[in-house]
>>> print(open('protein-v6.cif').read())   # mmCIF, C-alpha atoms and all ligand atoms
data_model
loop_
_atom_site.label_atom_id
_atom_site.label_comp_id
_atom_site.auth_asym_id
_atom_site.auth_seq_id
_atom_site.Cartn_x
_atom_site.Cartn_y
_atom_site.Cartn_z
CA MET A 781 -74.25 -132.92 6.52
CA ARG A 782 -72.11 -133.52 9.63
CA THR A 783 -68.34 -133.30 9.74
CA ILE A 784 -66.25 -136.17 11.06
CA ALA A 785 -62.60 -136.00 12.11
CA VAL A 786 -60.51 -139.13 12.50
CA ALA A 787 -57.53 -139.32 14.86
CA GLY A 788 -55.31 -142.27 14.02
CA ALA A 789 -56.25 -142.01 10.34
CA SER A 790 -53.08 -143.75 9.13
CA GLY A 791 -53.95 -146.89 11.11
CA TYR A 792 -56.20 -149.81 10.27
CA ALA A 793 -59.22 -148.79 12.35
CA GLY A 794 -58.96 -145.14 11.26
CA GLY A 795 -58.72 -146.16 7.61
CA GLU A 796 -61.86 -148.28 7.90
CA VAL A 797 -63.74 -145.43 9.60
CA LEU A 798 -62.81 -143.24 6.63
CA ARG A 799 -63.91 -145.86 4.09
CA LEU A 800 -67.31 -146.11 5.74
CA ALA A 801 -67.58 -142.34 6.22
CA LEU A 802 -67.06 -141.86 2.46
CA GLY A 803 -70.15 -144.02 1.84
CA HIS A 804 -72.27 -142.35 4.55
CA PRO A 805 -74.82 -139.90 3.10
CA GLU A 806 -74.74 -137.55 6.10
CA LEU A 807 -70.98 -137.34 6.72
CA THR A 808 -68.23 -135.14 5.33
CA VAL A 809 -64.64 -136.02 6.22
CA GLY A 810 -62.79 -133.19 7.99
CA ALA A 811 -59.45 -133.44 9.77
CA VAL A 812 -57.40 -136.62 9.51
CA THR A 813 -54.54 -136.94 11.99
CA ALA A 814 -51.68 -139.25 12.95
CA ALA A 815 -48.53 -139.32 15.09
CA GLY A 816 -45.18 -140.12 13.43
CA ASN A 817 -46.85 -140.10 10.02
CA ALA A 818 -48.29 -136.59 10.46
CA GLY A 819 -47.30 -134.48 7.46
CA SER A 820 -47.60 -137.32 4.94
CA LEU A 821 -50.47 -137.89 2.50
CA LEU A 822 -53.30 -140.23 3.45
CA GLY A 823 -52.98 -141.93 0.06
CA GLU A 824 -49.53 -143.22 1.06
CA HIS A 825 -51.12 -145.22 3.88
CA HIS A 826 -54.55 -146.03 2.47
CA PRO A 827 -54.36 -146.22 -1.33
CA GLN A 828 -57.87 -147.74 -1.27
CA LEU A 829 -59.30 -144.38 -0.11
CA VAL A 830 -58.99 -142.72 -3.52
CA PRO A 831 -61.24 -139.69 -2.81
CA LEU A 832 -59.06 -138.79 0.19
CA ALA A 833 -55.68 -139.62 -1.32
CA ASP A 834 -54.47 -136.00 -1.34
CA ARG A 835 -55.45 -135.24 2.25
CA ARG A 836 -52.45 -134.42 4.43
CA LEU A 837 -52.34 -135.99 7.89
CA GLY A 838 -52.19 -133.44 10.69
CA PRO A 839 -50.82 -133.86 14.19
CA THR A 840 -53.18 -135.45 16.71
CA THR A 841 -54.08 -132.51 18.95
CA ALA A 842 -57.31 -131.23 20.43
CA GLU A 843 -56.90 -128.09 18.30
CA ALA A 844 -56.68 -130.08 15.06
CA LEU A 845 -59.79 -132.07 15.99
CA ALA A 846 -61.86 -129.07 17.14
CA GLY A 847 -64.86 -127.78 15.19
CA HIS A 848 -66.25 -131.13 13.99
CA ASP A 849 -69.59 -132.73 14.82
CA ILE A 850 -67.95 -136.13 15.35
CA VAL A 851 -64.41 -137.05 16.38
CA VAL A 852 -63.40 -140.70 16.11
CA LEU A 853 -60.37 -141.69 18.16
CA ALA A 854 -58.61 -144.69 16.59
CA LEU A 855 -55.50 -144.48 18.74
CA PRO A 856 -53.27 -146.94 20.55
CA HIS A 857 -54.24 -148.15 23.99
CA GLY A 858 -53.97 -145.38 26.59
CA ALA A 859 -53.77 -142.46 24.11
CA SER A 860 -57.51 -141.64 23.99
CA GLY A 861 -58.07 -140.68 27.63
CA PRO A 862 -55.97 -137.48 27.83
CA LEU A 863 -57.00 -136.30 24.33
CA ALA A 864 -60.71 -136.94 24.90
CA ALA A 865 -60.59 -134.90 28.10
CA ALA A 866 -59.47 -131.89 26.04
CA LEU A 867 -62.30 -132.12 23.46
CA PRO A 868 -65.47 -129.97 23.76
CA ALA A 869 -68.33 -131.54 25.73
CA ASP A 870 -70.82 -131.00 22.90
CA THR A 871 -68.76 -132.90 20.28
CA VAL A 872 -69.72 -136.53 19.65
CA VAL A 873 -66.50 -138.36 20.55
CA ILE A 874 -66.30 -142.04 19.63
CA ASP A 875 -63.38 -143.95 21.13
CA CYS A 876 -62.36 -147.11 19.28
CA GLY A 877 -59.79 -147.89 21.98
CA ALA A 878 -60.30 -149.62 25.31
CA ASP A 879 -59.72 -146.57 27.52
CA HIS A 880 -63.38 -145.86 28.35
CA ARG A 881 -65.04 -149.29 28.05
CA LEU A 882 -64.95 -150.70 31.56
CA THR A 883 -67.32 -149.47 34.24
CA ALA A 884 -65.29 -150.94 37.10
CA GLY A 885 -61.93 -149.31 37.74
CA ALA A 886 -60.88 -152.44 39.64
CA ALA A 887 -61.36 -154.64 36.58
CA TRP A 888 -59.31 -152.16 34.53
CA SER A 889 -56.44 -152.12 37.04
CA THR A 890 -56.18 -155.92 37.01
CA PHE A 891 -55.32 -155.86 33.31
CA ASP A 892 -53.74 -152.42 32.80
CA GLU A 893 -51.03 -150.33 34.34
CA GLU A 894 -52.27 -146.94 33.10
CA PRO A 895 -54.80 -145.05 35.25
CA HIS A 896 -58.45 -145.79 34.37
CA ALA A 897 -59.71 -142.93 32.17
CA GLY A 898 -63.32 -143.47 33.30
CA SER A 899 -66.28 -145.08 31.61
CA TRP A 900 -68.44 -143.88 28.72
CA PRO A 901 -71.72 -145.24 27.33
CA TYR A 902 -70.86 -148.58 25.76
CA GLY A 903 -71.40 -148.97 22.05
CA LEU A 904 -72.96 -152.40 21.58
CA PRO A 905 -76.51 -151.49 20.51
CA GLU A 906 -77.71 -155.09 20.03
CA LEU A 907 -76.70 -156.39 23.47
CA PRO A 908 -79.76 -157.81 25.29
CA LEU A 909 -79.81 -156.62 28.90
CA ALA A 910 -81.12 -158.46 31.96
CA ALA A 911 -82.79 -155.25 33.10
CA GLY A 912 -84.74 -155.21 29.81
CA GLY A 913 -84.00 -153.36 26.61
CA ARG A 914 -80.79 -153.29 24.62
CA GLY A 915 -77.46 -151.57 24.69
CA ARG A 916 -78.72 -148.94 22.24
CA ASP A 917 -81.06 -147.49 24.88
CA ALA A 918 -78.07 -145.78 26.51
CA LEU A 919 -76.71 -144.35 23.24
CA HIS A 920 -79.42 -142.01 21.91
CA GLY A 921 -78.22 -138.42 21.95
CA VAL A 922 -75.01 -139.09 23.91
CA ARG A 923 -71.78 -137.17 23.27
CA ARG A 924 -69.28 -139.87 24.29
CA VAL A 925 -69.24 -143.54 23.21
CA ALA A 926 -66.77 -146.34 23.94
CA VAL A 927 -66.75 -148.72 20.97
CA PRO A 928 -66.43 -152.37 22.05
CA GLY A 929 -63.36 -154.44 21.36
CA CYS A 930 -63.58 -156.76 18.39
CA TYR A 931 -63.39 -160.00 20.39
CA PRO A 932 -65.94 -158.74 22.95
CA THR A 933 -68.35 -157.87 20.12
CA ALA A 934 -68.24 -161.44 18.82
CA ALA A 935 -68.28 -163.25 22.18
CA SER A 936 -70.86 -161.01 23.84
CA LEU A 937 -73.42 -161.11 21.04
CA ALA A 938 -72.83 -164.87 20.68
CA LEU A 939 -73.64 -165.78 24.28
CA ALA A 940 -75.85 -162.97 25.60
CA PRO A 941 -79.26 -164.37 24.52
CA GLY A 942 -78.67 -167.69 26.31
CA LEU A 943 -77.48 -165.97 29.50
CA ALA A 944 -80.31 -163.41 29.44
CA ALA A 945 -82.83 -166.27 29.19
CA GLY A 946 -81.23 -168.28 32.04
CA LEU A 947 -80.51 -171.15 29.65
CA LEU A 948 -76.74 -171.12 30.21
CA GLU A 949 -74.52 -171.43 33.27
CA PRO A 950 -72.69 -168.15 33.98
CA ASP A 951 -69.32 -169.78 33.42
CA VAL A 952 -68.32 -169.76 29.77
CA VAL A 953 -65.38 -170.57 27.51
CA VAL A 954 -64.48 -168.49 24.46
CA VAL A 955 -61.76 -169.38 21.96
CA ALA A 956 -61.52 -166.88 19.13
CA ALA A 957 -59.24 -166.66 16.11
CA SER A 958 -58.44 -163.24 14.69
CA GLY A 959 -56.77 -161.97 11.54
CA THR A 960 -53.57 -160.00 12.02
CA SER A 961 -55.10 -156.55 11.44
CA GLY A 962 -56.62 -156.94 14.90
CA ALA A 963 -53.18 -156.14 16.29
CA GLY A 964 -52.89 -152.84 14.43
CA ARG A 965 -50.45 -151.63 11.83
CA ALA A 966 -47.34 -150.93 13.90
CA VAL A 967 -44.48 -153.20 12.86
CA LYS A 968 -44.09 -156.22 15.14
CA PRO A 969 -41.88 -159.21 14.24
CA HIS A 970 -44.47 -161.83 15.20
CA LEU A 971 -46.95 -160.25 12.76
CA LEU A 972 -44.67 -160.44 9.73
CA GLY A 973 -46.10 -162.41 6.84
CA THR A 974 -43.30 -164.92 7.17
CA GLU A 975 -44.31 -165.64 10.77
CA THR A 976 -48.08 -165.76 10.29
CA MET A 977 -48.59 -167.30 6.85
CA GLY A 978 -49.44 -170.98 7.12
CA SER A 979 -49.30 -170.90 10.91
CA MET A 980 -51.65 -170.31 13.85
CA THR A 981 -50.79 -169.59 17.45
CA PRO A 982 -52.65 -168.68 20.65
CA TYR A 983 -51.58 -165.69 22.71
CA GLY A 984 -52.67 -164.10 25.97
CA VAL A 985 -53.45 -167.61 27.23
CA GLY A 986 -54.62 -168.17 30.80
CA GLY A 987 -57.16 -165.36 31.16
CA VAL A 988 -54.68 -162.50 30.81
CA HIS A 989 -56.01 -160.80 27.64
CA ARG A 990 -57.49 -157.38 28.44
CA HIS A 991 -60.69 -158.18 26.58
CA THR A 992 -61.57 -160.71 29.30
CA PRO A 993 -63.11 -158.20 31.77
CA GLU A 994 -64.94 -156.48 28.92
CA ILE A 995 -66.59 -159.74 27.83
CA GLU A 996 -67.45 -160.47 31.47
CA GLN A 997 -68.94 -156.98 31.88
CA ASN A 998 -71.20 -157.47 28.86
CA LEU A 999 -72.29 -161.00 29.67
CA SER A 1000 -72.96 -160.07 33.29
CA ALA A 1001 -75.17 -157.21 32.07
CA ALA A 1002 -77.05 -159.73 29.92
CA ALA A 1003 -77.35 -162.34 32.67
CA GLY A 1004 -78.10 -159.94 35.53
CA SER A 1005 -75.44 -161.64 37.66
CA THR A 1006 -71.71 -162.26 37.51
CA VAL A 1007 -70.50 -164.26 34.53
CA VAL A 1008 -66.99 -165.75 34.47
CA VAL A 1009 -65.21 -166.06 31.12
CA SER A 1010 -62.20 -168.14 30.17
CA PHE A 1011 -60.99 -166.43 27.00
CA THR A 1012 -58.23 -167.59 24.65
CA PRO A 1013 -57.38 -165.53 21.56
CA VAL A 1014 -55.68 -167.11 18.56
CA LEU A 1015 -53.75 -165.41 15.76
CA ALA A 1016 -54.91 -166.66 12.36
CA PRO A 1017 -53.16 -166.29 8.97
CA MET A 1018 -55.63 -163.85 7.39
CA PRO A 1019 -55.68 -160.05 7.21
CA ARG A 1020 -59.06 -159.51 8.84
CA GLY A 1021 -61.92 -161.37 10.51
CA ILE A 1022 -62.72 -163.08 13.79
CA LEU A 1023 -64.22 -166.50 14.30
CA ALA A 1024 -65.28 -167.04 17.91
CA THR A 1025 -66.29 -170.40 19.36
CA CYS A 1026 -68.24 -169.83 22.57
CA VAL A 1027 -69.25 -172.71 24.83
CA ALA A 1028 -71.41 -172.84 27.96
CA ARG A 1029 -73.10 -175.61 29.96
CA LEU A 1030 -76.87 -175.74 30.11
CA ALA A 1031 -78.05 -174.25 33.41
CA PRO A 1032 -79.41 -176.85 35.88
CA GLY A 1033 -82.89 -175.35 35.58
CA ALA A 1034 -82.86 -175.49 31.78
CA GLY A 1035 -84.04 -179.12 31.64
CA ARG A 1036 -83.41 -180.95 28.38
CA PRO A 1037 -84.30 -178.45 25.63
CA ALA A 1038 -84.58 -179.56 22.02
CA ALA A 1039 -81.87 -178.30 19.69
CA GLY A 1040 -84.46 -176.44 17.62
CA ASP A 1041 -85.77 -174.59 20.67
CA VAL A 1042 -82.25 -173.52 21.64
CA ARG A 1043 -81.60 -172.16 18.18
CA LYS A 1044 -84.99 -170.47 18.14
CA LEU A 1045 -84.10 -168.52 21.29
CA TRP A 1046 -81.17 -166.85 19.48
CA ALA A 1047 -83.17 -166.36 16.29
CA GLU A 1048 -85.91 -164.57 18.20
CA ALA A 1049 -83.45 -162.49 20.22
CA TYR A 1050 -81.95 -161.07 17.03
CA ALA A 1051 -84.98 -161.19 14.72
CA ASP A 1052 -85.23 -157.38 14.67
CA GLU A 1053 -81.49 -156.69 14.59
CA PRO A 1054 -80.39 -155.70 11.07
CA PHE A 1055 -76.71 -156.38 11.67
CA VAL A 1056 -76.86 -159.68 13.62
CA HIS A 1057 -77.72 -162.72 11.51
CA VAL A 1058 -78.55 -166.11 12.98
CA LEU A 1059 -77.80 -168.31 9.99
CA PRO A 1060 -80.27 -170.89 8.66
CA ASP A 1061 -79.97 -174.27 10.33
CA GLY A 1062 -77.04 -176.24 8.96
CA ARG A 1063 -75.02 -173.22 7.79
CA TRP A 1064 -71.92 -172.09 9.64
CA PRO A 1065 -70.42 -168.64 10.02
CA ARG A 1066 -67.40 -167.85 7.88
CA THR A 1067 -65.25 -164.81 8.33
CA GLY A 1068 -65.13 -164.20 4.57
CA ALA A 1069 -68.86 -163.52 4.44
CA THR A 1070 -68.56 -160.60 6.87
CA VAL A 1071 -65.56 -158.83 5.31
CA GLY A 1072 -66.32 -155.14 4.92
CA ALA A 1073 -69.87 -155.52 6.28
CA ASN A 1074 -71.22 -154.18 9.54
CA THR A 1075 -72.59 -157.62 10.31
CA LEU A 1076 -72.10 -160.50 12.71
CA HIS A 1077 -73.06 -163.98 11.56
CA LEU A 1078 -73.73 -166.67 14.12
CA GLN A 1079 -74.95 -170.22 14.49
CA VAL A 1080 -76.10 -172.10 17.59
CA ALA A 1081 -75.75 -175.83 18.26
CA LEU A 1082 -76.76 -178.01 21.19
CA ASP A 1083 -74.18 -180.62 22.15
CA GLU A 1084 -76.66 -182.90 23.90
CA ARG A 1085 -74.10 -185.51 24.93
CA ALA A 1086 -71.92 -182.91 26.67
CA GLY A 1087 -74.81 -180.81 27.96
CA ARG A 1088 -73.40 -177.69 26.36
CA VAL A 1089 -74.47 -175.00 23.92
CA VAL A 1090 -71.90 -174.03 21.28
CA VAL A 1091 -72.28 -170.67 19.54
CA THR A 1092 -69.96 -169.78 16.67
CA ALA A 1093 -69.76 -166.19 15.50
CA ALA A 1094 -67.95 -164.45 12.64
CA VAL A 1095 -67.31 -160.73 12.42
CA ASP A 1096 -64.97 -158.42 10.55
CA ASN A 1097 -62.80 -157.00 13.33
CA LEU A 1098 -62.39 -153.74 11.40
CA THR A 1099 -66.04 -153.24 10.42
CA LYS A 1100 -68.68 -154.41 12.93
CA GLY A 1101 -65.72 -155.06 15.25
CA THR A 1102 -64.61 -151.37 15.19
CA ALA A 1103 -65.33 -148.81 12.49
CA GLY A 1104 -68.86 -149.91 11.57
CA ALA A 1105 -69.78 -149.98 15.25
CA ALA A 1106 -68.29 -146.50 15.60
CA LEU A 1107 -70.53 -145.07 12.86
CA GLN A 1108 -73.55 -147.07 14.07
CA CYS A 1109 -73.08 -145.41 17.47
CA ALA A 1110 -72.53 -142.00 15.85
CA ASN A 1111 -75.88 -142.47 14.06
CA LEU A 1112 -77.56 -143.16 17.41
CA ALA A 1113 -75.82 -140.25 19.11
CA LEU A 1114 -76.94 -137.87 16.36
CA ASP A 1115 -80.49 -139.32 16.21
CA LEU A 1116 -79.96 -140.49 12.64
CA PRO A 1117 -81.35 -143.88 11.50
CA GLU A 1118 -79.11 -146.45 13.20
CA THR A 1119 -78.33 -148.31 9.97
CA LEU A 1120 -77.61 -145.21 7.85
CA GLY A 1121 -74.60 -145.63 5.55
CA LEU A 1122 -73.58 -149.01 6.96
CA PRO A 1123 -73.00 -151.97 4.61
CA LEU A 1124 -74.97 -155.18 5.11
CA ALA A 1125 -73.25 -157.00 2.25
CA GLY A 1126 -69.73 -158.34 2.61
CA VAL A 1127 -66.95 -158.72 0.03
CA ALA A 1128 -66.47 -162.34 -0.93
CA PRO A 1129 -64.72 -164.49 -1.92
N1 LIG A 1201 -57.48 -153.25 14.55
C1 LIG A 1201 -58.62 -153.71 15.02
O1 LIG A 1201 -59.17 -154.71 14.54
C2 LIG A 1201 -59.29 -153.04 16.18
C3 LIG A 1201 -60.51 -153.54 16.61
C4 LIG A 1201 -61.15 -152.93 17.68
C5 LIG A 1201 -60.56 -151.87 18.31
N2 LIG A 1201 -59.36 -151.41 17.88
C6 LIG A 1201 -58.74 -150.30 18.61
O2 LIG A 1201 -58.60 -149.18 17.75
C7 LIG A 1201 -57.44 -148.46 18.11
C8 LIG A 1201 -56.58 -148.29 16.85
O3 LIG A 1201 -56.20 -149.59 16.41
P1 LIG A 1201 -55.51 -149.83 15.01
O4 LIG A 1201 -55.54 -151.29 14.81
O5 LIG A 1201 -56.07 -148.93 13.97
O6 LIG A 1201 -54.01 -149.36 15.32
P2 LIG A 1201 -52.87 -148.94 14.28
O7 LIG A 1201 -53.15 -149.53 12.95
O8 LIG A 1201 -51.59 -149.21 14.94
O9 LIG A 1201 -53.05 -147.34 14.14
C9 LIG A 1201 -52.75 -146.48 15.22
C10 LIG A 1201 -52.97 -145.04 14.81
O10 LIG A 1201 -52.69 -144.18 15.93
C11 LIG A 1201 -51.61 -143.28 15.62
N3 LIG A 1201 -50.79 -143.13 16.81
C12 LIG A 1201 -49.79 -143.94 17.25
N4 LIG A 1201 -49.30 -143.48 18.43
C13 LIG A 1201 -49.99 -142.36 18.74
C14 LIG A 1201 -49.96 -141.44 19.82
N5 LIG A 1201 -49.13 -141.61 20.86
N6 LIG A 1201 -50.81 -140.40 19.79
C15 LIG A 1201 -51.66 -140.22 18.76
N7 LIG A 1201 -51.74 -141.07 17.71
C16 LIG A 1201 -50.93 -142.12 17.69
C17 LIG A 1201 -50.88 -143.92 14.46
O11 LIG A 1201 -50.24 -142.90 13.74
P3 LIG A 1201 -48.85 -143.14 12.97
O12 LIG A 1201 -49.17 -143.93 11.76
O13 LIG A 1201 -48.40 -141.77 12.66
O14 LIG A 1201 -47.96 -143.87 13.93
C18 LIG A 1201 -52.04 -144.57 13.69
O15 LIG A 1201 -52.70 -143.61 12.94
C19 LIG A 1201 -56.74 -149.26 19.22
O16 LIG A 1201 -57.06 -148.71 20.47
C20 LIG A 1201 -57.33 -150.63 19.07
O17 LIG A 1201 -57.35 -151.35 20.27
C21 LIG A 1201 -58.72 -151.96 16.82
#
>>> encode(input="protein-v6.cif", output="structure tokens", more="lines below")
Ligand SMILES: NC(=O)c1ccc[n+]([C@@H]2O[C@H](COP(=O)([O-])OP(=O)(O)OC[C@H]3O[C@@H](n4cnc5c(N)ncnc54)[C@H](OP(=O)(O)O)[C@@H]3O)[C@@H](O)[C@H]2O)c1
Amino acid sequence: MRTIAVAGASGYAGGEVLRLALGHPELTVGAVTAAGNAGSLLGEHHPQLVPLADRRLGPTTAEALAGHDIVVLALPHGASGPLAAALPADTVVIDCGADHRLTAGAAWSTFDEEPHAGSWPYGLPELPLAAGGRGRDALHGVRRVAVPGCYPTAASLALAPGLAAGLLEPDVVVVAASGTSGAGRAVKPHLLGTETMGSMTPYGVGGVHRHTPEIEQNLSAAAGSTVVVSFTPVLAPMPRGILATCVARLAPGAGRPAAGDVRKLWAEAYADEPFVHVLPDGRWPRTGATVGANTLHLQVALDERAGRVVVTAAVDNLTKGTAGAALQCANLALDLPETLGLPLAGVAP
């Protein structure tokens, strides 16, 4: 058995890490920490985590997190960098935040005011790479992993096969709706039920959302050249889930492929990926089918009249979009079977 500590355990991502850790045959939950809620019982924040209800949240310090095999950081933007620097080099540290995702400091500075904390191996195992291989190749045995953002997980896996194959122009549009848990648990007036129920709204419009450079980084790695992304997030009246609609023109050299051949390209790219499901022809992704599962469901369509490929992808932002990815990467880092302890079946309806 390995021990896992979770920093940010009172939050949404931390709670989902704990739920999955409880079902993982090789993990024992150690320290659970928070900030303002330190000192309270975990059961007050996550009544669903019955076996851990009597655990008391500690302060989030390097000392409290020491002595574990795995430390998951599920902290607000900018809080992971300084803490991670104080953790032992031989501990597997998995950062669910954005602090260590970008390889280019310049891309970070365009979207963030805090100093760039540096880049860690990127935790998207299924990402096809132009250089050959997949994202997982860089994750075996590592001691630091940056878990992807939830939107980048959906958009990157949706478009990467077409860019890697040269089928798509490297200039793509992504519009993605997310449930409100994607914004975390801290109280914000625009996330109140009264504001979100029965209403949808875009935000971060005009290419200013900080997930934009992360999606570009991933798709450029898949294409082998620079990919430009126009990304618009949308807040949807549901607690969890992302539905991403990703559109790209056919590359000039792609000719006039048949719709079936386009779909086949994605199906073949993910045929051996247990967590990425290209749905049968005629079925469309729905967020509800991925709730609680470490899966991404996608479908590919050719819009022949417009000369574009449209890929729709559904993912649970808290599972494959964060906590499931975190444990998938921990499995790889510890040389355990990649799928160990991770749910394939969602909770529906
Ligand atoms: N939510 C998602 O769908 C999602 C998806 C992908 C990635 N992520 C990333 O995961 C991280 C956590 O997100 P979340 O949605 O779980 O946020 P959240 O629900 O707001 O939880 C934040 C957690 O961090 C603690 N915290 C707050 N300020 C802190 C500080 N200065 N130092 C140490 N701990 C502090 C909070 O403790 P208190 O309760 O005591 O305040 C809470 O436990 C973020 O970086 C987010 O970008 C989230």
>>> residues_near_point(input="protein-v6.cif", point="(-76.7, -142.5, 7.3)", cutoff="9 Å", atoms="all atoms listed in the file", output="PyMOL selection string")
chain A and resi 803-807+1107-1108+1111+1116-1122
>>> residues_near_ligand(input="protein-v6.cif", ligand="ligand LIG 1201 (chain A)", cutoff="8 Å", atoms="only C-alpha atoms and all ligand atoms", output="number ranges by chain")
A: 787-795, 813-818, 839-840, 853-860, 875-879, 927-931, 961-966, 1020, 1096-1098, 1101-1103
>>> residues_around(input="protein-v6.cif", residues="Ala833 of chain A", least_positions_apart="3", cutoff="12 Å", atoms="only C-alpha atoms", output="ChimeraX atom specification")
/A:789-790,795,798-799,812,820-830,836-837
>>> closest_residue(input="protein-v6.cif", among="A:Gly1035, A:Pro908, A:Pro1019, A:Gly973", to="Leu999 of chain A", atoms="only C-alpha atoms")
A:Pro908
>>> atom_distance(input="protein-v6.cif", atom1="atom CA of Leu907 of chain A", atom2="atom CA of Ile995 of chain A")
11.5 Å
>>> residues_near_point(input="protein-v6.cif", point="(-75.1, -168.0, 17.6)", cutoff="9 Å", atoms="all atoms listed in the file", output="MDAnalysis selection string")
chainID A and resid 937:939 941 1026 1043 1046:1047 1057:1059 1065 1077:1081 1090:1093
>>> residues_around(input="protein-v6.cif", residues="Thr841 of chain A", least_positions_apart="3", cutoff="8 Å", atoms="all atoms listed in the file", output="CSV table (one decimal) with C-alpha atoms, in the frame of the given file")
chain,number,residue,atom,x,y,z
A,844,ALA,CA,-56.7,-130.1,15.1
A,845,LEU,CA,-59.8,-132.1,16.0
A,863,LEU,CA,-57.0,-136.3,24.3
>>> atom_distance(input="protein-v6.cif", atom1="atom CA of Gly898 of chain A", atom2="atom CA of Leu882 of chain A")
7.6 Å
>>> decode(input="protein-v6.cif", residues="segment 811-868 of chain A", atoms="C-alpha atoms", output="short mmCIF file (atom, residue, chain, number, x, y, z; two decimals), in the first residue's frame")
data_model
loop_
_atom_site.label_atom_id
_atom_site.label_comp_id
_atom_site.auth_asym_id
_atom_site.auth_seq_id
_atom_site.Cartn_x
_atom_site.Cartn_y
_atom_site.Cartn_z
CA ALA A 811 -3.00 13.72 5.73
CA VAL A 812 -5.87 15.87 4.51
CA THR A 813 -5.30 19.62 4.66
CA ALA A 814 -7.05 22.92 3.97
CA ALA A 815 -6.64 26.66 4.59
CA GLY A 816 -9.43 28.55 6.42
CA ASN A 817 -11.24 25.27 7.06
CA ALA A 818 -8.22 23.64 8.76
CA GLY A 819 -9.31 22.27 12.13
CA SER A 820 -12.77 21.19 10.95
CA LEU A 821 -13.89 17.65 10.12
CA LEU A 822 -13.75 16.43 6.54
CA GLY A 823 -17.31 15.11 6.90
CA GLU A 824 -18.58 18.70 7.26
CA HIS A 825 -17.34 19.46 3.74
CA HIS A 826 -17.70 16.09 2.01
CA PRO A 827 -20.54 14.13 3.61
CA GLN A 828 -20.29 11.69 0.67
CA LEU A 829 -16.87 10.51 1.94
CA VAL A 830 -18.31 8.46 4.81
CA PRO A 831 -15.14 6.44 5.62
CA LEU A 832 -13.20 9.70 6.09
CA ALA A 833 -15.91 11.70 7.84
CA ASP A 834 -14.04 11.88 11.16
CA ARG A 835 -10.71 12.99 9.68
CA ARG A 836 -9.68 16.43 10.87
CA LEU A 837 -8.29 18.82 8.26
CA GLY A 838 -4.77 20.01 9.01
CA PRO A 839 -3.04 23.18 7.88
CA THR A 840 -1.51 23.08 4.41
CA THR A 841 2.21 23.01 5.17
CA ALA A 842 5.14 21.03 3.84
CA GLU A 843 5.50 19.48 7.31
CA ALA A 844 1.90 18.23 7.34
CA LEU A 845 2.33 16.70 3.88
CA ALA A 846 5.72 15.08 4.56
CA GLY A 847 6.18 11.31 4.84
CA HIS A 848 3.68 10.24 2.16
CA ASP A 849 4.36 8.40 -1.08
CA ILE A 850 2.03 10.71 -3.02
CA VAL A 851 0.98 14.31 -2.35
CA VAL A 852 -1.85 15.72 -4.44
CA LEU A 853 -2.06 19.51 -4.52
CA ALA A 854 -5.64 20.64 -5.18
CA LEU A 855 -5.05 24.29 -4.38
CA PRO A 856 -6.08 27.61 -5.86
CA HIS A 857 -4.12 29.05 -8.74
CA GLY A 858 -0.64 30.17 -7.67
CA ALA A 859 -0.59 28.30 -4.32
CA SER A 860 1.09 25.09 -5.55
CA GLY A 861 4.42 26.52 -6.70
CA PRO A 862 5.90 27.62 -3.34
CA LEU A 863 4.54 24.56 -1.47
CA ALA A 864 5.78 22.08 -4.08
CA ALA A 865 9.26 23.56 -3.88
CA ALA A 866 9.36 22.65 -0.18
CA LEU A 867 8.35 18.98 -0.67
CA PRO A 868 10.97 16.18 -0.81
#
